[in-house]
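What follows is a short report on a single structure.
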Amino acid sequence: MSNVISELRNTTDTSKLYKLRMFLASDYFCALVVLYSVVVICFNWIIPGAFLLAVLVGFVFILSDDIVSVFLPIMLIASFGIQANDSLWDYMALAPFAAFPIFAILFHHIFYRERDKSKVKRPGALLLPMILVSITNFLGGIGTIPVESYFSPTSLIYMFALGFMIVIVYFLSYNHLGAGKNYTTRIDKRIAKIACWLMLFLILATLEGYVERWAKFMEDPGILYFQWRNNASTLFMMAMPFAFYMSARKFWYILLPFASYGAMIMLGSRGGLILGGFELLILIIVDLILDKRHRKYIAAILAVIFLAFLFSFPQLEQLMEYTLNRMTAADQYSIRLGLWRRSVEDFHRNPIFGMGLGYMGNRDIHPSKAASLCWYQSALPQVWGSFGLVGLLTYGYQMIVRWKFLMSKHSMFAYTVTASFLALELMSLVNPGIFAMFYLLIISMEFFILEKYHFPEIHMKLEVELGAGTQFTFSEDEFAEEDGEEA
């Protein structure tokens, strides 16, 4: 037993587990878990597939000191898990088996903790606003919300998960991230690749949905219904900037954002169509400005897309009829507008603490599903409706601190994380977005990585000359193609 413990604690290249740990940190492992996830959705093994992948995650937590190796499997569990609609009790039947992954997480963070006190770093500026927001989550609704609603399991879980859980993750993961750890000297590329693998899976999942219902699609060509369209579109939008980040080094990555936007269109998400399209346009413009070496190739891709759109416009118009009708029909907006109006009424009912996350009094407008909150379907109404003035102060303070933090970082990876964060905030205008625990966890980990690692800084200088236009000048080292590495 002592030999096993000794071998686990040996995190150098002399360990017998070193090759396994390197494999778990590689693109090959990512490819295998994506392939597994595609098989899961093809055979509709959503719940047992999620369980088996969670078991794998548990073993990775135990066998490897690298916390980043579990990022993609966890994202994939959530990404195909969203396809199992109204499956709460099916998941609950497997709840006892969750003991192993939970044990593995605790084991990892205790067993592989940094033992050299001189290397242990204290959390930084992001901590205080997270604590204040966590307290706000529990103060929401005080004095107004019914007791049974406040103390319902759903309410307590969300109050904890959207606040103190992130604080705990911050403390647990903080010293598991850092220069020289996680089997890479360039964690920025590793995180970007994980985002790209996630995009690839979601594209394949969308394609699988059409293959599975191909007869229905051919009978009446049009956008098919996907219950998980908004969740997938949110993940696409958060991941898209990382594909552009990688395309500066390996240009073929540029295909992923275009394919992702095509998938968002085929999913029928209005938020994905409009906000995802806006994001893609901005990212293309920025990429054309910064990545001089690939401008002609990007221009060629845009020309091909434009010509394809021009020649297939009648077919596209028919294909998009479902989404366009949902965008123009007044009744399609009645629920959201009703919830937004109700958020103002709820604020007036309790202007200090709001009505709380667990308040279910708005189910007459939107009958939310079991184990789900009755969201206001937009982040800002959620803040003032659920938390009142206290929420506006604490969440506003957190936004200011986050923005100052992002603006203090001058690397391409920092700008990429900023774009990912803005994409989530954009989608949060029409969906729960930042108040969904999974998206909050993803963006929080992006912040933590940005805080712990030092990335090469670039210095952009904006030169404006009258009559000569505008020029950006900066070091192009960040955009140099790197050969001899995995794709």
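Identifiers in the structure tokens: chain A, B, ... in order shown; residue index from 1 per chain; ligand index from 1 in order shown.
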Please build the interface table for stretch 183-300 of chain A against stretch 312-327 of chain A with a cut-off of 8 Å, listing for each qualifying residue the nearest atom pair and the distance in Å to one decimal; count only C-alpha atoms, order rows by chain and increasing number, and write it as a Markdown table.
```
| residue | atom | partner | partner_atom | distance |
| --- | --- | --- | --- | --- |
| A:Pro221 | CA | A:Leu319 | CA | 6.0 |
| A:Gly222 | CA | A:Leu319 | CA | 4.1 |
| A:Ile223 | CA | A:Leu319 | CA | 6.1 |
| A:Gly268 | CA | A:Thr323 | CA | 5.6 |
| A:Ser269 | CA | A:Thr323 | CA | 7.5 |
| A:Arg270 | CA | A:Thr323 | CA | 6.8 |
```
Each stretch 6-65 of chain A residue no farther than 12 Å from stretch 98-116 of chain A, nearest pair in Å, only C-alpha atoms, as a Markdown table:
```
| residue | atom | partner | partner_atom | distance |
| --- | --- | --- | --- | --- |
| A:Ser6 | CA | A:Phe111 | CA | 11.1 |
| A:Leu8 | CA | A:Tyr112 | CA | 8.8 |
| A:Arg9 | CA | A:Tyr112 | CA | 7.1 |
| A:Asn10 | CA | A:Tyr112 | CA | 9.8 |
| A:Thr11 | CA | A:Tyr112 | CA | 9.0 |
| A:Ala50 | CA | A:Ala98 | CA | 11.1 |
| A:Phe51 | CA | A:Ala98 | CA | 8.3 |
| A:Leu52 | CA | A:Pro101 | CA | 10.6 |
| A:Leu53 | CA | A:Pro101 | CA | 10.1 |
| A:Ala54 | CA | A:Pro101 | CA | 6.5 |
| A:Val55 | CA | A:Pro101 | CA | 6.2 |
| A:Leu56 | CA | A:Pro101 | CA | 8.6 |
| A:Val57 | CA | A:Pro101 | CA | 6.9 |
| A:Gly58 | CA | A:Pro101 | CA | 4.4 |
| A:Phe59 | CA | A:Ala104 | CA | 7.1 |
| A:Val60 | CA | A:Ala104 | CA | 8.4 |
| A:Phe61 | CA | A:His108 | CA | 5.5 |
| A:Ile62 | CA | A:Ala104 | CA | 5.7 |
| A:Leu63 | CA | A:His108 | CA | 8.5 |
| A:Ser64 | CA | A:His108 | CA | 8.1 |
| A:Asp65 | CA | A:Tyr112 | CA | 5.9 |
```
For the residues selected in the previous step, produce a file with N, CA, C and O atoms as a CSV table (one decimal), in the first residue's frame.
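The result, written out as result.csv:
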```csv
chain,number,residue,atom,x,y,z
A,6,SER,N,3.2,6.0,-2.5
A,6,SER,CA,4.5,6.7,-2.9
A,6,SER,C,4.5,6.9,-4.4
A,6,SER,O,4.9,8.0,-4.9
A,8,LEU,N,1.8,7.3,-6.4
A,8,LEU,CA,0.9,8.4,-6.7
A,8,LEU,C,1.5,9.7,-6.4
A,8,LEU,O,1.2,10.7,-7.1
A,9,ARG,N,2.2,9.8,-5.3
A,9,ARG,CA,2.8,11.1,-4.9
A,9,ARG,C,3.9,11.6,-5.7
A,9,ARG,O,4.3,12.7,-5.7
A,10,ASN,N,4.5,10.6,-6.4
A,10,ASN,CA,5.6,11.0,-7.3
A,10,ASN,C,5.1,11.6,-8.6
A,10,ASN,O,4.6,10.9,-9.5
A,11,THR,N,5.2,12.9,-8.7
A,11,THR,CA,4.6,13.6,-9.9
A,11,THR,C,5.7,14.0,-10.9
A,11,THR,O,5.5,14.8,-11.7
A,50,ALA,N,-23.3,9.2,-19.2
A,50,ALA,CA,-22.8,10.3,-18.3
A,50,ALA,C,-22.2,9.6,-17.1
A,50,ALA,O,-21.2,10.1,-16.5
A,51,PHE,N,-22.9,8.6,-16.6
A,51,PHE,CA,-22.4,7.9,-15.4
A,51,PHE,C,-21.0,7.3,-15.6
A,51,PHE,O,-20.1,7.5,-14.8
A,52,LEU,N,-20.8,6.6,-16.7
A,52,LEU,CA,-19.5,5.9,-17.0
A,52,LEU,C,-18.4,7.0,-17.2
A,52,LEU,O,-17.3,6.8,-16.7
A,53,LEU,N,-18.8,8.1,-17.8
A,53,LEU,CA,-17.7,9.1,-18.0
A,53,LEU,C,-17.4,9.8,-16.7
A,53,LEU,O,-16.3,10.2,-16.4
A,54,ALA,N,-18.4,9.9,-15.8
A,54,ALA,CA,-18.2,10.5,-14.4
A,54,ALA,C,-17.2,9.5,-13.6
A,54,ALA,O,-16.4,10.0,-12.9
A,55,VAL,N,-17.4,8.2,-13.8
A,55,VAL,CA,-16.5,7.3,-13.2
A,55,VAL,C,-15.1,7.4,-13.7
A,55,VAL,O,-14.1,7.4,-13.0
A,56,LEU,N,-14.9,7.6,-15.0
A,56,LEU,CA,-13.6,7.9,-15.6
A,56,LEU,C,-13.0,9.1,-15.0
A,56,LEU,O,-11.8,9.2,-14.7
A,57,VAL,N,-13.8,10.2,-14.9
A,57,VAL,CA,-13.3,11.4,-14.3
A,57,VAL,C,-12.8,11.2,-12.9
A,57,VAL,O,-11.8,11.7,-12.5
A,58,GLY,N,-13.5,10.3,-12.2
A,58,GLY,CA,-13.1,10.0,-10.8
A,58,GLY,C,-11.7,9.3,-10.8
A,58,GLY,O,-10.8,9.7,-10.0
A,59,PHE,N,-11.5,8.4,-11.7
A,59,PHE,CA,-10.2,7.7,-11.8
A,59,PHE,C,-9.1,8.7,-12.3
A,59,PHE,O,-7.9,8.6,-11.8
A,60,VAL,N,-9.4,9.7,-13.1
A,60,VAL,CA,-8.4,10.7,-13.5
A,60,VAL,C,-8.0,11.5,-12.4
A,60,VAL,O,-6.9,11.9,-12.1
A,61,PHE,N,-9.0,11.9,-11.6
A,61,PHE,CA,-8.7,12.7,-10.4
A,61,PHE,C,-7.8,12.0,-9.4
A,61,PHE,O,-6.9,12.6,-8.8
A,62,ILE,N,-7.9,10.7,-9.3
A,62,ILE,CA,-7.1,9.9,-8.4
A,62,ILE,C,-5.7,9.6,-9.0
A,62,ILE,O,-4.7,9.8,-8.2
A,63,LEU,N,-5.6,9.3,-10.2
A,63,LEU,CA,-4.4,8.8,-10.8
A,63,LEU,C,-3.5,10.0,-11.3
A,63,LEU,O,-2.3,9.8,-11.4
A,64,SER,N,-4.1,11.1,-11.5
A,64,SER,CA,-3.3,12.2,-12.1
A,64,SER,C,-3.3,13.5,-11.1
A,64,SER,O,-4.4,13.8,-10.6
A,65,ASP,N,-2.2,14.1,-11.0
A,65,ASP,CA,-2.1,15.4,-10.2
A,65,ASP,C,-2.6,16.6,-11.1
A,65,ASP,O,-2.6,17.7,-10.6
```
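Nearest residue to A:Gly396, choosing from A:Gly276, A:Pro146, A:Gly354, A:Pro129 and counting only C-alpha atoms: A:Pro129.
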Write out as a count of residues only which residues come within 9 Å of A:Val68 when counting only C-alpha atoms, dropping same-chain ones fewer than 2 positions away. 10
Could you build a table of the residues in stretch 286-346 of chain A lying no more than 12 Å from stretch 408-414 of chain A, giving for each the nearest pair of atoms and their separation in Å rounded to one decimal place, using only C-alpha atoms, ordered by chain and ascending residue number, as a tab-separated table?
```
residue	atom	partner	partner_atom	distance
A:Val286	CA	A:Met412	CA	11.8
A:Asp287	CA	A:Met412	CA	11.5
A:Leu290	CA	A:Met412	CA	10.5
A:Asp291	CA	A:Met412	CA	11.8
```
Keeping only N, CA, C and O atoms, write those residues as a CSV table (one decimal), in the first residue's frame.
```csv
chain,number,residue,atom,x,y,z
A,286,VAL,N,-11.8,41.5,-36.0
A,286,VAL,CA,-10.5,41.6,-35.2
A,286,VAL,C,-9.4,40.7,-35.7
A,286,VAL,O,-8.3,41.1,-35.8
A,287,ASP,N,-9.8,39.5,-36.2
A,287,ASP,CA,-8.8,38.6,-36.7
A,287,ASP,C,-8.2,39.1,-38.0
A,287,ASP,O,-7.0,39.0,-38.3
A,290,LEU,N,-5.6,41.8,-36.9
A,290,LEU,CA,-4.5,41.3,-36.2
A,290,LEU,C,-3.6,40.2,-37.0
A,290,LEU,O,-2.4,40.3,-37.0
A,291,ASP,N,-4.3,39.3,-37.6
A,291,ASP,CA,-3.6,38.2,-38.2
A,291,ASP,C,-3.4,38.4,-39.7
A,291,ASP,O,-4.1,38.0,-40.6
```
Considering only C-alpha atoms, state which residue in the set A:Pro381, A:Pro96, A:Gly358, A:Gly209 is at the smallest distance from A:Phe138. A:Gly358
Which of stretch 61-279 of chain A DSSP labels helix (DSSP H, G or I), written as a ChimeraX atom specification: /A:61-63,67-81,88-92,95-111,117-119,127-139,147-150,153-161,164-174,187-212,214-219,229-247,251-267,270-279
Atom CA of A:Tyr395 to atom CA of A:Ser149: how many Å, to one decimal? 22.9 Å
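Each of A:Tyr415, A:Tyr183, A:Phe251, A:Met437 was checked against A:Asp13 using only C-alpha atoms; the smallest atom-to-atom distance is that of A:Tyr183.
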Using only C-alpha atoms, which residues sit within 10 Å of A:Trp403 once same-chain residues fewer than 5 positions away are excluded, as a PyMOL selection string? chain A and resi 397-398+408+418+421
Create the file for the chosen residues now, containing N, CA and C atoms and written as a PDB file, in the first residue's frame.
```
ATOM      1  N   TYR A 397     -20.407  45.332  -8.188  1.00  0.00           N
ATOM      2  CA  TYR A 397     -19.017  45.392  -7.717  1.00  0.00           C
ATOM      3  C   TYR A 397     -18.199  44.258  -8.324  1.00  0.00           C
ATOM      4  N   GLN A 398     -18.780  43.058  -8.382  1.00  0.00           N
ATOM      5  CA  GLN A 398     -18.070  41.932  -8.982  1.00  0.00           C
ATOM      6  C   GLN A 398     -17.766  42.195 -10.459  1.00  0.00           C
ATOM      7  N   SER A 408      -6.328  44.538 -16.882  1.00  0.00           N
ATOM      8  CA  SER A 408      -4.945  44.613 -16.381  1.00  0.00           C
ATOM      9  C   SER A 408      -4.040  43.581 -17.046  1.00  0.00           C
ATOM     10  N   THR A 418     -11.521  37.408 -22.248  1.00  0.00           N
ATOM     11  CA  THR A 418     -12.444  38.544 -22.203  1.00  0.00           C
ATOM     12  C   THR A 418     -13.564  38.366 -23.222  1.00  0.00           C
ATOM     13  N   PHE A 421     -15.970  35.741 -21.994  1.00  0.00           N
ATOM     14  CA  PHE A 421     -16.798  36.294 -20.919  1.00  0.00           C
ATOM     15  C   PHE A 421     -17.893  37.197 -21.487  1.00  0.00           C
TER      16      PHE A 421
END
```
What separates atom CA of A:Leu275 and atom CA of A:Trp384 is a distance of 23.4 Å
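Proximity of A:Phe244, A:Tyr376, A:Phe447, A:Phe97 to A:Gly433, computed with only C-alpha atoms, is greatest for A:Tyr376.
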Selection: 7 Å around stretch 46-48 of chain A, only C-alpha atoms, excl. self and same-chain fewer than 3 positions, as a short mmCIF file (atom, residue, chain, number, x, y, z; two decimals) with N, CA and C atoms, in the first residue's frame:
```cif
data_model
loop_
_atom_site.label_atom_id
_atom_site.label_comp_id
_atom_site.auth_asym_id
_atom_site.auth_seq_id
_atom_site.Cartn_x
_atom_site.Cartn_y
_atom_site.Cartn_z
N VAL A 40 -22.24 7.83 -27.42
CA VAL A 40 -23.31 7.93 -26.41
C VAL A 40 -24.57 8.52 -27.01
N ILE A 41 -24.43 9.64 -27.73
CA ILE A 41 -25.63 10.29 -28.28
C ILE A 41 -26.19 9.52 -29.47
N PHE A 51 -22.88 8.57 -16.56
CA PHE A 51 -22.41 7.88 -15.37
C PHE A 51 -21.02 7.28 -15.60
N LEU A 52 -20.83 6.58 -16.73
CA LEU A 52 -19.53 5.95 -17.00
C LEU A 52 -18.43 6.98 -17.17
N PHE A 80 -23.67 16.51 -23.37
CA PHE A 80 -24.66 15.54 -23.85
C PHE A 80 -25.72 15.26 -22.80
N GLY A 81 -25.43 15.61 -21.54
CA GLY A 81 -26.44 15.46 -20.49
C GLY A 81 -27.65 16.36 -20.70
N ALA A 84 -30.93 14.98 -22.33
CA ALA A 84 -31.89 14.14 -21.62
C ALA A 84 -32.91 15.03 -20.93
N TYR A 91 -31.65 10.41 -13.30
CA TYR A 91 -30.34 10.73 -12.73
C TYR A 91 -30.30 10.43 -11.23
#
```
